[in-house]
Structures are given as structure tokens and as C-alpha cells.
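Source file: structure-v2.cif (mmCIF, C-alpha atoms)
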```
data_target
#
loop_
_atom_site.label_atom_id
_atom_site.label_comp_id
_atom_site.auth_asym_id
_atom_site.auth_seq_id
_atom_site.Cartn_x
_atom_site.Cartn_y
_atom_site.Cartn_z
CA MET A 1 -36.96 -36.23 47.20
CA SER A 2 -34.46 -34.81 44.83
CA VAL A 3 -35.17 -32.37 42.18
CA GLN A 4 -33.28 -32.91 39.02
CA GLU A 5 -32.60 -29.77 37.17
CA THR A 6 -32.59 -30.06 33.48
CA VAL A 7 -30.32 -27.72 31.69
CA SER A 8 -31.51 -26.99 28.27
CA PRO A 9 -28.65 -26.87 25.79
CA GLN A 10 -27.70 -23.44 24.50
CA PRO A 11 -28.87 -22.94 20.97
CA ALA A 12 -25.99 -23.02 18.55
CA PRO A 13 -25.13 -19.63 17.10
CA PRO A 14 -26.42 -19.20 13.61
CA PRO A 15 -23.75 -19.94 11.01
CA GLN A 16 -22.05 -16.83 9.71
CA PRO A 17 -22.89 -16.26 6.08
CA GLU A 18 -19.89 -16.52 3.82
CA ARG A 19 -18.47 -13.14 2.88
CA LEU A 20 -18.86 -12.31 -0.77
CA ALA A 21 -16.18 -9.62 -0.88
CA TYR A 22 -13.29 -8.25 1.13
CA SER A 23 -11.53 -4.91 1.41
CA LEU A 24 -7.98 -4.70 0.06
CA HIS A 25 -6.71 -4.56 3.62
CA GLU A 26 -8.48 -7.83 4.42
CA ALA A 27 -7.22 -9.31 1.14
CA ALA A 28 -3.66 -8.40 2.11
CA GLU A 29 -4.11 -10.15 5.46
CA MET A 30 -5.52 -13.26 3.81
CA LEU A 31 -2.72 -13.40 1.26
CA GLY A 32 -0.11 -12.58 3.91
CA VAL A 33 1.36 -9.77 1.86
CA ASP A 34 1.93 -6.08 2.33
CA TYR A 35 -0.95 -3.70 1.70
CA PHE A 36 0.88 -2.10 -1.24
CA SER A 37 1.61 -5.54 -2.70
CA VAL A 38 -2.12 -6.07 -3.12
CA TYR A 39 -2.36 -2.77 -5.01
CA ARG A 40 0.51 -3.95 -7.22
CA LEU A 41 -1.39 -7.17 -7.93
CA VAL A 42 -4.42 -5.05 -8.83
CA GLN A 43 -2.37 -2.79 -11.04
CA ARG A 44 -0.79 -5.73 -12.85
CA GLY A 45 -4.21 -7.26 -13.44
CA LYS A 46 -3.50 -10.32 -11.30
CA LEU A 47 -6.26 -9.44 -8.88
CA LYS A 48 -9.53 -8.00 -10.11
CA VAL A 49 -11.34 -5.50 -7.90
CA CYS A 50 -14.68 -3.77 -8.01
CA LYS A 51 -15.79 -0.52 -6.41
CA ALA A 52 -18.42 -0.34 -3.73
CA LEU A 53 -20.94 2.48 -3.40
CA ARG A 54 -18.56 5.06 -1.93
CA GLY A 55 -15.64 4.06 -4.14
CA LYS A 56 -14.04 1.59 -1.76
CA PHE A 57 -12.20 -1.22 -3.54
CA LEU A 58 -13.49 -4.70 -2.91
CA VAL A 59 -12.11 -8.08 -3.93
CA SER A 60 -14.59 -10.84 -4.49
CA ARG A 61 -14.14 -14.07 -2.60
CA THR A 62 -13.98 -15.93 -5.92
CA GLU A 63 -11.08 -13.76 -7.10
CA LEU A 64 -9.18 -14.29 -3.87
CA LEU A 65 -9.69 -18.03 -3.97
CA LYS A 66 -8.59 -18.06 -7.60
CA LEU A 67 -5.36 -16.33 -6.63
CA LEU A 68 -4.80 -18.73 -3.75
CA LYS A 69 -5.23 -21.78 -5.95
CA SER A 70 -3.17 -21.18 -9.05
CA ASP A 71 -2.27 -18.65 -11.73
CA MET B 1 -17.38 34.60 13.81
CA LEU B 2 -17.96 32.00 11.13
CA LYS B 3 -21.11 29.95 11.55
CA ARG B 4 -22.69 27.19 9.50
CA ASN B 5 -26.27 26.11 10.21
CA GLY B 6 -25.99 27.93 13.50
CA GLU B 7 -22.83 26.10 14.53
CA VAL B 8 -19.58 27.94 15.05
CA CYS B 9 -16.80 26.88 12.67
CA GLN B 10 -13.65 27.26 14.73
CA TYR B 11 -11.67 24.08 14.33
CA ARG B 12 -8.69 23.97 11.98
CA VAL B 13 -6.99 20.79 10.85
CA PRO B 14 -3.75 20.28 8.89
CA GLY B 15 -4.04 20.16 5.11
CA TYR B 16 -7.47 21.79 4.96
CA ALA B 17 -8.03 25.51 4.52
CA GLY B 18 -11.59 25.59 5.85
CA ARG B 19 -12.78 25.48 9.44
CA LEU B 20 -14.86 22.70 10.90
CA THR B 21 -17.76 22.76 13.33
CA LYS B 22 -17.44 20.87 16.61
CA MET B 23 -19.43 17.95 15.23
CA GLU B 24 -17.31 17.87 12.06
CA TYR B 25 -14.13 18.10 14.10
CA ASN B 26 -15.20 15.20 16.32
CA ALA B 27 -16.03 13.15 13.22
CA TYR B 28 -12.68 14.12 11.70
CA THR B 29 -10.75 13.08 14.81
CA GLU B 30 -12.61 9.78 14.99
CA ALA B 31 -12.09 9.08 11.29
CA MET B 32 -8.41 10.01 11.40
CA THR B 33 -7.87 7.63 14.32
CA SER B 34 -9.45 4.78 12.35
CA VAL B 35 -7.18 5.33 9.32
CA GLU B 36 -4.10 6.54 11.18
CA ASP B 37 -2.04 3.45 10.27
CA GLN B 38 -2.98 3.72 6.61
CA VAL B 39 -2.11 7.42 6.49
CA LYS B 40 1.22 6.59 8.12
CA GLN B 41 1.84 3.83 5.56
CA LEU B 42 1.02 6.27 2.78
CA SER B 43 3.37 8.84 4.23
CA GLU B 44 6.21 6.33 4.54
CA GLY B 45 5.62 5.04 1.03
CA ILE B 46 5.67 8.55 -0.41
CA GLN B 47 8.83 9.31 1.55
CA ALA B 48 10.57 6.22 0.14
CA LEU B 49 9.48 7.20 -3.35
CA SER B 50 10.78 10.74 -2.92
CA ASP B 51 14.12 9.38 -1.69
CA LEU B 52 14.37 7.21 -4.75
CA GLN B 53 13.39 10.07 -7.05
CA ASN B 54 15.98 12.37 -5.49
CA ASP B 55 18.62 9.69 -5.94
CA LEU B 56 17.98 9.29 -9.65
CA PRO B 57 20.38 12.01 -10.87
CA ASN B 58 23.15 10.13 -9.05
CA TRP B 59 22.40 6.84 -10.68
CA ARG B 60 25.31 7.16 -13.09
CA ASP B 61 27.07 5.64 -10.09
CA LEU B 62 24.64 2.92 -9.24
CA PRO B 63 24.14 2.39 -5.50
CA VAL B 64 24.26 -1.21 -4.36
CA ASN B 65 23.83 -3.08 -1.10
CA GLY B 66 27.34 -4.48 -1.24
CA SER B 67 30.14 -5.13 -3.68
CA THR B 68 29.37 -7.14 -6.81
CA GLU B 69 31.28 -10.08 -5.38
CA THR B 70 29.16 -10.24 -2.24
CA ALA B 71 25.84 -9.17 -3.78
CA GLN B 72 23.00 -11.58 -3.12
CA VAL B 73 21.24 -13.40 -5.90
CA ILE B 74 17.58 -14.19 -6.22
CA THR B 75 15.71 -16.68 -8.37
CA VAL B 76 12.15 -16.21 -9.52
CA LYS B 77 9.76 -19.10 -9.94
CA GLY B 78 9.01 -19.73 -13.62
CA ASP B 79 11.49 -17.08 -14.80
CA GLN B 80 13.79 -18.06 -17.65
CA GLY B 81 17.40 -17.00 -17.63
CA ALA B 82 20.15 -16.46 -15.10
CA PRO B 83 19.44 -15.69 -11.44
CA TRP B 84 19.09 -12.02 -10.59
CA GLN B 85 21.79 -10.19 -8.68
CA ILE B 86 20.41 -7.74 -6.14
CA LEU B 87 21.83 -4.26 -6.68
CA ARG B 88 19.69 -2.34 -4.27
CA THR B 89 16.73 -2.62 -1.94
CA ILE B 90 14.23 0.00 -3.10
CA SER B 91 11.78 -0.49 -0.24
CA LYS B 92 11.31 -2.91 2.60
CA THR B 93 8.48 -3.72 4.98
CA SER B 94 7.90 -6.60 7.37
CA ARG B 95 6.12 -8.48 4.60
CA ASN B 96 7.91 -7.56 1.40
CA GLU B 97 10.93 -6.11 -0.29
CA VAL B 98 11.14 -4.36 -3.63
CA LEU B 99 14.54 -4.97 -5.18
CA PHE B 100 16.47 -3.48 -8.04
CA CYS B 101 18.34 -6.32 -9.73
CA THR B 102 20.44 -7.14 -12.73
CA ARG B 103 21.60 -10.17 -14.69
CA PRO B 104 23.48 -10.83 -17.91
CA LYS B 105 21.37 -11.34 -21.00
CA GLY B 106 23.32 -12.32 -24.10
CA ASN B 107 25.97 -9.65 -24.59
CA ASP B 108 23.84 -7.11 -22.77
CA GLN B 109 22.72 -6.57 -19.19
CA GLN B 110 19.12 -6.80 -18.11
CA PHE B 111 17.69 -4.90 -15.15
CA GLY B 112 14.61 -5.79 -13.19
CA ILE B 113 12.35 -4.66 -10.37
CA ILE B 114 11.57 -7.71 -8.26
CA GLU B 115 9.17 -7.98 -5.38
CA LYS B 116 10.07 -10.48 -2.68
CA PHE B 117 7.34 -11.77 -0.37
CA ASP B 118 7.31 -13.33 3.06
CA PRO B 119 8.04 -17.02 2.28
CA ASN B 120 5.45 -18.10 4.85
CA SER B 121 2.64 -16.08 3.27
CA ALA B 122 -0.25 -17.84 1.59
CA TYR B 123 0.52 -15.98 -1.63
CA ALA B 124 4.21 -16.96 -1.67
CA ARG B 125 3.39 -20.63 -1.03
CA ILE B 126 1.41 -20.71 -4.28
CA HIS B 127 3.21 -18.21 -6.50
CA GLY B 128 6.78 -18.36 -5.19
CA THR B 129 8.64 -15.99 -2.92
CA SER B 130 9.45 -13.43 -5.59
CA GLU B 131 7.99 -11.95 -8.74
CA VAL B 132 9.43 -9.82 -11.51
CA LEU B 133 7.46 -6.58 -11.72
CA MET B 134 9.28 -5.03 -14.69
CA THR B 135 12.43 -5.48 -16.75
CA SER B 136 14.45 -3.28 -19.08
CA ASN B 137 17.94 -2.97 -20.49
CA ASP B 138 17.85 0.71 -19.47
CA PRO B 139 18.06 1.05 -15.67
CA LYS B 140 17.00 4.70 -15.54
CA LEU B 141 13.97 4.10 -17.69
CA LEU B 142 13.09 1.13 -15.53
CA ILE B 143 13.27 3.15 -12.33
CA GLN B 144 11.26 5.99 -13.85
CA ASP B 145 8.54 3.55 -14.91
CA HIS B 146 8.59 2.00 -11.47
CA LEU B 147 8.18 5.45 -9.89
CA GLU B 148 5.21 6.16 -12.14
CA ASN B 149 3.60 2.86 -11.18
CA GLU B 150 4.16 3.49 -7.48
CA ARG B 151 2.65 6.98 -7.79
CA ALA B 152 -0.44 5.45 -9.38
CA ILE B 153 -0.58 2.92 -6.53
CA PHE B 154 -0.43 5.70 -3.92
CA GLN B 155 -3.31 7.48 -5.67
CA LEU B 156 -5.38 4.29 -5.51
CA PHE B 157 -4.38 3.90 -1.88
CA ARG B 158 -5.38 7.47 -1.07
CA LYS B 159 -8.75 7.06 -2.79
CA ASP B 160 -9.32 3.87 -0.85
CA ILE B 161 -8.59 5.65 2.44
CA GLU B 162 -11.05 8.40 1.52
CA ALA B 163 -13.68 5.82 0.57
CA THR B 164 -13.13 3.93 3.83
CA VAL B 165 -13.59 7.16 5.77
CA ALA B 166 -16.73 8.06 3.80
CA GLU B 167 -18.18 4.62 4.48
CA SER B 168 -17.37 4.76 8.17
CA LEU B 169 -18.78 8.29 8.59
CA ALA B 170 -21.98 7.38 6.75
CA GLU B 171 -22.52 4.53 9.20
CA LYS B 172 -21.76 6.56 12.32
CA TYR B 173 -23.43 9.81 11.31
CA PRO B 174 -26.38 8.79 9.12
CA GLY B 175 -28.06 11.64 7.32
CA GLN B 176 -25.29 14.15 8.10
CA ASN B 177 -23.40 15.93 5.37
CA LEU B 178 -19.77 15.26 6.25
CA SER B 179 -18.28 15.93 2.83
CA ARG B 180 -16.08 18.63 4.38
CA VAL B 181 -14.64 16.08 6.79
CA ILE B 182 -13.84 13.75 3.90
CA ARG B 183 -12.19 16.64 2.04
CA ALA B 184 -10.20 17.46 5.17
CA ILE B 185 -8.99 13.83 5.44
CA SER B 186 -8.09 13.89 1.75
CA GLY B 187 -6.20 17.13 2.35
CA ARG B 188 -4.37 15.50 5.24
CA CYS B 189 -3.22 12.65 2.98
CA GLN B 190 -1.99 15.16 0.41
CA CYS B 191 -0.39 17.16 3.20
CA GLN B 192 1.70 14.09 4.08
CA GLU B 193 2.92 14.10 0.51
CA SER B 194 3.99 17.74 0.61
CA ILE B 195 5.70 17.27 4.00
CA SER B 196 7.70 14.41 2.49
CA ALA B 197 8.58 16.53 -0.53
CA ARG B 198 9.75 19.41 1.70
CA SER B 199 11.91 17.13 3.83
CA ASP B 200 13.54 15.80 0.66
CA ALA B 201 14.60 19.27 -0.35
CA GLY B 202 16.63 19.67 2.82
CA ASN B 203 18.12 16.20 2.75
CA THR B 204 20.84 16.10 0.15
CA THR B 205 23.72 14.37 1.93
CA ARG B 206 23.75 10.61 1.67
CA ASN B 207 26.38 7.94 2.13
CA ARG B 208 26.31 5.04 -0.25
CA VAL B 209 28.44 2.39 -1.82
CA SER B 210 28.38 2.70 -5.58
CA ILE B 211 29.20 0.73 -8.65
CA ARG B 212 29.63 2.20 -12.10
CA PHE B 213 28.06 0.30 -14.95
#
```

Now that the file is in, can you turn its structure into C-alpha cells?
Amino acid sequence: MSVQETVSPQPAPPPQPERLAYSLHEAAEMLGVDYFSVYRLVQRGKLKVCKALRGKFLVSRTELLKLLKSD
Amino acid sequence: MLKRNGEVCQYRVPGYAGRLTKMEYNAYTEAMTSVEDQVKQLSEGIQALSDLQNDLPNWRDLPVNGSTETAQVITVKGDQGAPWQILRTISKTSRNEVLFCTRPKGNDQQFGIIEKFDPNSAYARIHGTSEVLMTSNDPKLLIQDHLENERAIFQLFRKDIEATVAESLAEKYPGQNLSRVIRAISGRCQCQESISARSDAGNTTRNRVSIRF
């Protein structure tokens, strides 16, 4: 008599929620540019940033996508 | 012996006049390690800016990368007018270059600060490999404005480092008052600036190829 083991499938990991905002360092990585280049984009008004609670600059996902699509 | 809340304050760190407790010092060391690369970037950026600033009095003889005959040209997507001739590389990293360029404009000469990006970057694929940051018919004025802009960028950068540290410390040491650690990190960033300024004072001999305009 053979015993058939049933392996229950591993539950899929819960989908990661989409990030709403990124640090300027992360934005630089996503754009593939230098860290200071992102600050230049901010200074020239090409990339809008907001400040988090402790004053850290954040770029919204929408802003990043806008920059990666067209002017 | 200096004590705060019963803890001995005996640890000194560069760029900060006060003394830290053991807990503050450990937090400082941990925070500095996490932003070490950024502080280094800031230091290098400030150094490059100081070099440029110290060069300015000599810009009657404009330094260039090569002779005018061999100078490279650069075109900017969507830019009207003649291609730009690169006179000098102001700064260079693995991902970008900031260039001082010129081109004829009517009977006059136009100067520009152009940023060149990594052609494989997501940004360059959409917006082109280079962008004009500023233009002027007065090269000295242009460089001075560029220096001012870069200084403002470094201030933003420094504030962002401080904010990153504050955020990280608040997560790791909830409920603790680590404002002195944040001030010490801020002092360290400013210390980098003064170190760069001091090294500039002793560095006056430079070799360069020049062109008079």
C-alpha cells in the first residue's frame, strides 16, 4: 500500500503595493542619471518634489512617470 | 566630567564642538556609515566647485580640453542653432558630464553650460543625451551663475542627507532625542566644505591649455 503525499502549493506572496513616492536617490537610479542631475532637474522645475515629515525630498511616482514619458 | 542624563559625554566627532554620549556616538557612527557615500559625493562636488571658483580669475585665458581645431562638438535635442563646441569639462561622473561650451550666434559668440547624460539612461532615451542648463554671451557671468546654482544644489543635497539621517535615527531609536547627532552629522557635512576650501588655498599651481577669446 503506497501512501501518496500531497504537497500543498505554497501560497503566493502578497503583491507588493505600488510605491507612491521615491527618494531622490531612488529617482536618480530609476532615471539612470547622477544624483546631482536629479537636483538640477528639481532646481529647473522639470521634476517636482515634496517634503516628507523630516524634510526629506520625495518624488511622486506620477511625476517620475511623467518625466519618463515626455516633456 | 561632563554628564547628560547621567551619561558621560566623552566622544568627540569632526565638525561638531560638543561631546556625545556613548549612545549618541554609536548612533552617529551608524548614521555616518549609512550616508558615507553621499557625504563623499558632497565633498567631491564641493571640491570641484572650489576648483572652478579658484580658476575664475584666470579665465581671461579660457582653459579648454584641446585646441579649437580638435575640440569636440555636441548637439542638443530640440536646440536651435549651430552645434556647441566643448571648451571645457566642468565636472564629470560615471553618469554625467557638465560642459562649458560655445558657438557662434550672429556676429557674437554664445556660451552655454550643457549637461551630458549616459546615453543608455532612461532619461536620455526620452529627453536626449544632453541638455542646455544656461546660456549667456558673457562667459564669466555664466560661470558665476552656474556656481550659484551648484551651491544651491549642494545646500539641498546637504539638507536631504540630514533628513535621511533624521528619518533613519527615528526608526532605529524611537523616542530618543538624537538632535545632537543630527547636528553633528550636519557639522560633518559643513566640515567637508571647509576642508575643501582649505585645500584650495594651498593649491595654486595648475597646468592647462588655454585659448584667449

Which residues of chain A sit at most 9 Å from chain B, using only C-alpha atoms? Give each one's shortest atom pair and distance in Å (one decimal place), in chain and ascending residue order, as JSON lines.
```
{"residue": "A:Leu24", "atom": "CA", "partner": "B:Asp160", "partner_atom": "CA", "distance": 8.7}
{"residue": "A:Met30", "atom": "CA", "partner": "B:Ala122", "partner_atom": "CA", "distance": 7.3}
{"residue": "A:Leu31", "atom": "CA", "partner": "B:Tyr123", "partner_atom": "CA", "distance": 5.1}
{"residue": "A:Gly32", "atom": "CA", "partner": "B:Ser121", "partner_atom": "CA", "distance": 4.5}
{"residue": "A:Val33", "atom": "CA", "partner": "B:Arg95", "partner_atom": "CA", "distance": 5.6}
{"residue": "A:Asp34", "atom": "CA", "partner": "B:Arg95", "partner_atom": "CA", "distance": 5.3}
{"residue": "A:Tyr35", "atom": "CA", "partner": "B:Gln41", "partner_atom": "CA", "distance": 8.9}
{"residue": "A:Phe36", "atom": "CA", "partner": "B:Ile153", "partner_atom": "CA", "distance": 7.4}
{"residue": "A:Ser37", "atom": "CA", "partner": "B:Asn96", "partner_atom": "CA", "distance": 7.8}
{"residue": "A:Tyr39", "atom": "CA", "partner": "B:Ile153", "partner_atom": "CA", "distance": 6.2}
{"residue": "A:Arg40", "atom": "CA", "partner": "B:Ile153", "partner_atom": "CA", "distance": 7.0}
{"residue": "A:Gln43", "atom": "CA", "partner": "B:Ile153", "partner_atom": "CA", "distance": 7.5}
{"residue": "A:Arg44", "atom": "CA", "partner": "B:Leu133", "partner_atom": "CA", "distance": 8.4}
{"residue": "A:Ala52", "atom": "CA", "partner": "B:Ala163", "partner_atom": "CA", "distance": 8.9}
{"residue": "A:Leu53", "atom": "CA", "partner": "B:Glu167", "partner_atom": "CA", "distance": 8.6}
{"residue": "A:Arg54", "atom": "CA", "partner": "B:Ala163", "partner_atom": "CA", "distance": 5.5}
{"residue": "A:Gly55", "atom": "CA", "partner": "B:Ala163", "partner_atom": "CA", "distance": 5.4}
{"residue": "A:Lys56", "atom": "CA", "partner": "B:Ala163", "partner_atom": "CA", "distance": 4.8}
{"residue": "A:Phe57", "atom": "CA", "partner": "B:Asp160", "partner_atom": "CA", "distance": 6.4}
{"residue": "A:Leu67", "atom": "CA", "partner": "B:Tyr123", "partner_atom": "CA", "distance": 7.7}
{"residue": "A:Leu68", "atom": "CA", "partner": "B:Tyr123", "partner_atom": "CA", "distance": 6.4}
{"residue": "A:Lys69", "atom": "CA", "partner": "B:Ile126", "partner_atom": "CA", "distance": 6.9}
{"residue": "A:Ser70", "atom": "CA", "partner": "B:Ile126", "partner_atom": "CA", "distance": 6.6}
{"residue": "A:Asp71", "atom": "CA", "partner": "B:His127", "partner_atom": "CA", "distance": 7.6}
```

* To do: May I ask for the distance between atom CA of B:Cys101 and atom CA of B:Val39, given in Å to one decimal place?
  => 29.5 Å

* One-decimal distance in Å that lies between atom CA of B:Ser50 and atom CA of B:Tyr16 ->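 Between atom CA of B:Tyr16 and atom CA of B:Ser50 the gap works out to 22.7 Å.
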
* To do: I would like the residues chosen by the PyMOL selection byres ((chain B and resi 28) around 8) on the shown file; could you give them as a list in words?
  => Glu24, Tyr25, Asn26, Ala27, Thr29, Glu30, Ala31, Met32, Val181, Ile182, Ala184 and Ile185 of chain B

With C-alpha atoms retained, could you export that selection as a compact mmCIF listing (two decimals), in the frame of the given file?
```
# COMPACT_ATOMS: atom_id res chain seq x y z
CA GLU B 24 -17.31 17.87 12.06
CA TYR B 25 -14.13 18.10 14.10
CA ASN B 26 -15.20 15.20 16.32
CA ALA B 27 -16.03 13.15 13.22
CA THR B 29 -10.75 13.08 14.81
CA GLU B 30 -12.61 9.78 14.99
CA ALA B 31 -12.09 9.08 11.29
CA MET B 32 -8.41 10.01 11.40
CA VAL B 181 -14.64 16.08 6.79
CA ILE B 182 -13.84 13.75 3.90
CA ALA B 184 -10.20 17.46 5.17
CA ILE B 185 -8.99 13.83 5.44
```

* Structure fact -> What separates atom CA of B:Arg158 and atom CA of B:Gln53 is a distance of 19.9 Å

* Might you pull out every residue within 9 Å of B:Leu49, with all atoms listed in the file counted and same-chain residues fewer than 5 positions away left off, and present them as a PyMOL selection string? => chain B and resi 44+54+90-91+147+150-151

* Explicit residue set for the PyMOL selection byres ((chain B and resi 140-145) around 10), as a list in words ->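 Selected by the PyMOL selection byres ((chain B and resi 140-145) around 10) in this file: Leu52, Gln53, Leu56, Pro57, Trp59, Arg60, Ile90, Phe100, Phe111, Gly112, Ile113, Met134, Thr135, Ser136, Asn137, Asp138, Pro139, His146, Leu147, Glu148, Asn149, Glu150 and Arg151 of chain B.
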
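Every residue that the PyMOL selection byres ((chain A and resi 60) around 9) selects in this file is listed here: Arg19, Leu20, Ala21, Tyr22, Ser23, Lys48, Val49, Cys50, Leu58, Val59, Arg61, Thr62, Glu63, Leu64 and Leu65 of chain A.
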
With C-alpha atoms retained, write the just-selected residues as a PDB file, in the frame of the given file.
```pdb
ATOM      1  CA  ARG A  19     -18.470 -13.140   2.880  1.00  0.00           C
ATOM      2  CA  LEU A  20     -18.860 -12.310  -0.770  1.00  0.00           C
ATOM      3  CA  ALA A  21     -16.180  -9.620  -0.880  1.00  0.00           C
ATOM      4  CA  TYR A  22     -13.290  -8.250   1.130  1.00  0.00           C
ATOM      5  CA  SER A  23     -11.530  -4.910   1.410  1.00  0.00           C
ATOM      6  CA  LYS A  48      -9.530  -8.000 -10.110  1.00  0.00           C
ATOM      7  CA  VAL A  49     -11.340  -5.500  -7.900  1.00  0.00           C
ATOM      8  CA  CYS A  50     -14.680  -3.770  -8.010  1.00  0.00           C
ATOM      9  CA  LEU A  58     -13.490  -4.700  -2.910  1.00  0.00           C
ATOM     10  CA  VAL A  59     -12.110  -8.080  -3.930  1.00  0.00           C
ATOM     11  CA  ARG A  61     -14.140 -14.070  -2.600  1.00  0.00           C
ATOM     12  CA  THR A  62     -13.980 -15.930  -5.920  1.00  0.00           C
ATOM     13  CA  GLU A  63     -11.080 -13.760  -7.100  1.00  0.00           C
ATOM     14  CA  LEU A  64      -9.180 -14.290  -3.870  1.00  0.00           C
ATOM     15  CA  LEU A  65      -9.690 -18.030  -3.970  1.00  0.00           C
TER      16      LEU A  65
END
```

* Distance criterion (all atoms listed in the file): nearest to B:Ala82 out of B:Gly106, B:Leu2, B:Leu178, B:Cys9 ->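 The closest residue to B:Ala82 is B:Gly106.
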